[in-house]
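Student: Quick one: structure below, then a few questions.
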Amino acid sequence: MKAVIVCVSVSHGNTRRVADSIAQVLGAKVVSPEQADPAELAAADLVGFGSGNFYGRLHPDLTDFVKALPAGRGRAFVFATSGLPELPAAPFTRPLVRLLEGKGFEPAGSFSCRAFDTWAPFKLVGGINKQRPNAGDLDAARAFAERLRAGRASRP
């Protein structure tokens, strides 16, 4: 299986650590939107898209990149890191999953975990989730990747 992961990790490297853990299992290349080659993505069997959570949304560089992609095919997954927990009724990965579906990708699953966050009010106390993503979070990311590889990851 050929896999590529497009990742935006701008604050503390949290999302990149998760991307690298997933990439280990999938044998995937991790690239930023600026480095991503649309032809390489079109040729991949599985494409991942991930970023941190910014005001309840994934990074605009990632969503703008996906919006600019030509119609796709194949399977895609979305992952995110966040200082605050994801709400089950409104997961912050859902809008990107829907955008990918509109582009013709088959959603293969989504993953999120908590991460170190120094967003405005949290900066006053030195941030929250200082030790995250931790070993357990990265193990969970690898387990998610195993399910992706086996074709049985959860649907978003």
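We name chains A, B, ... following the order of the structure tokens; residues begin at 1 in each chain, and ligands are numbered from 1 as shown.
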What's around A:Gln35 at 12 Å? Count only C-alpha atoms, leave out sequence neighbours fewer than 4 positions away in its own chain, and write the answer as a list in words.

Tutor: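 Contacts, in chain order: Val4, Ile5, Val6, Cys7, Val8, Lys29, Val30, Val31, Ala39, Glu40, Leu41, Leu62 and Phe65 of chain A.
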
Student: Run DSSP on the backbone and give me the residues of stretch 15-155 of chain A it puts in alpha helix (DSSP H), as a PyMOL selection string.

Tutor: chain A and resi 15-26+38-43+60-68+94-102+120-123+135-150

Student: To one decimal in Å, tell me the separation between atom CA of A:Arg57 and atom CA of A:Asn134.

Tutor: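 So the answer is 22.4 Å.
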
Student: What's the separation between atom CA of A:Phe105 and atom CA of A:Val25, in Å to one decimal place?

Tutor: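 Value for the atom CA of A:Phe105-atom CA of A:Val25 distance: 21.2 Å.
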
Student: For each of A:His59, A:Arg142, A:Lys2, A:Arg94, take the minimum atom-to-atom distance to A:Val18, counting only C-alpha atoms, then give the residue where this is smallest.

Tutor: A:Arg142
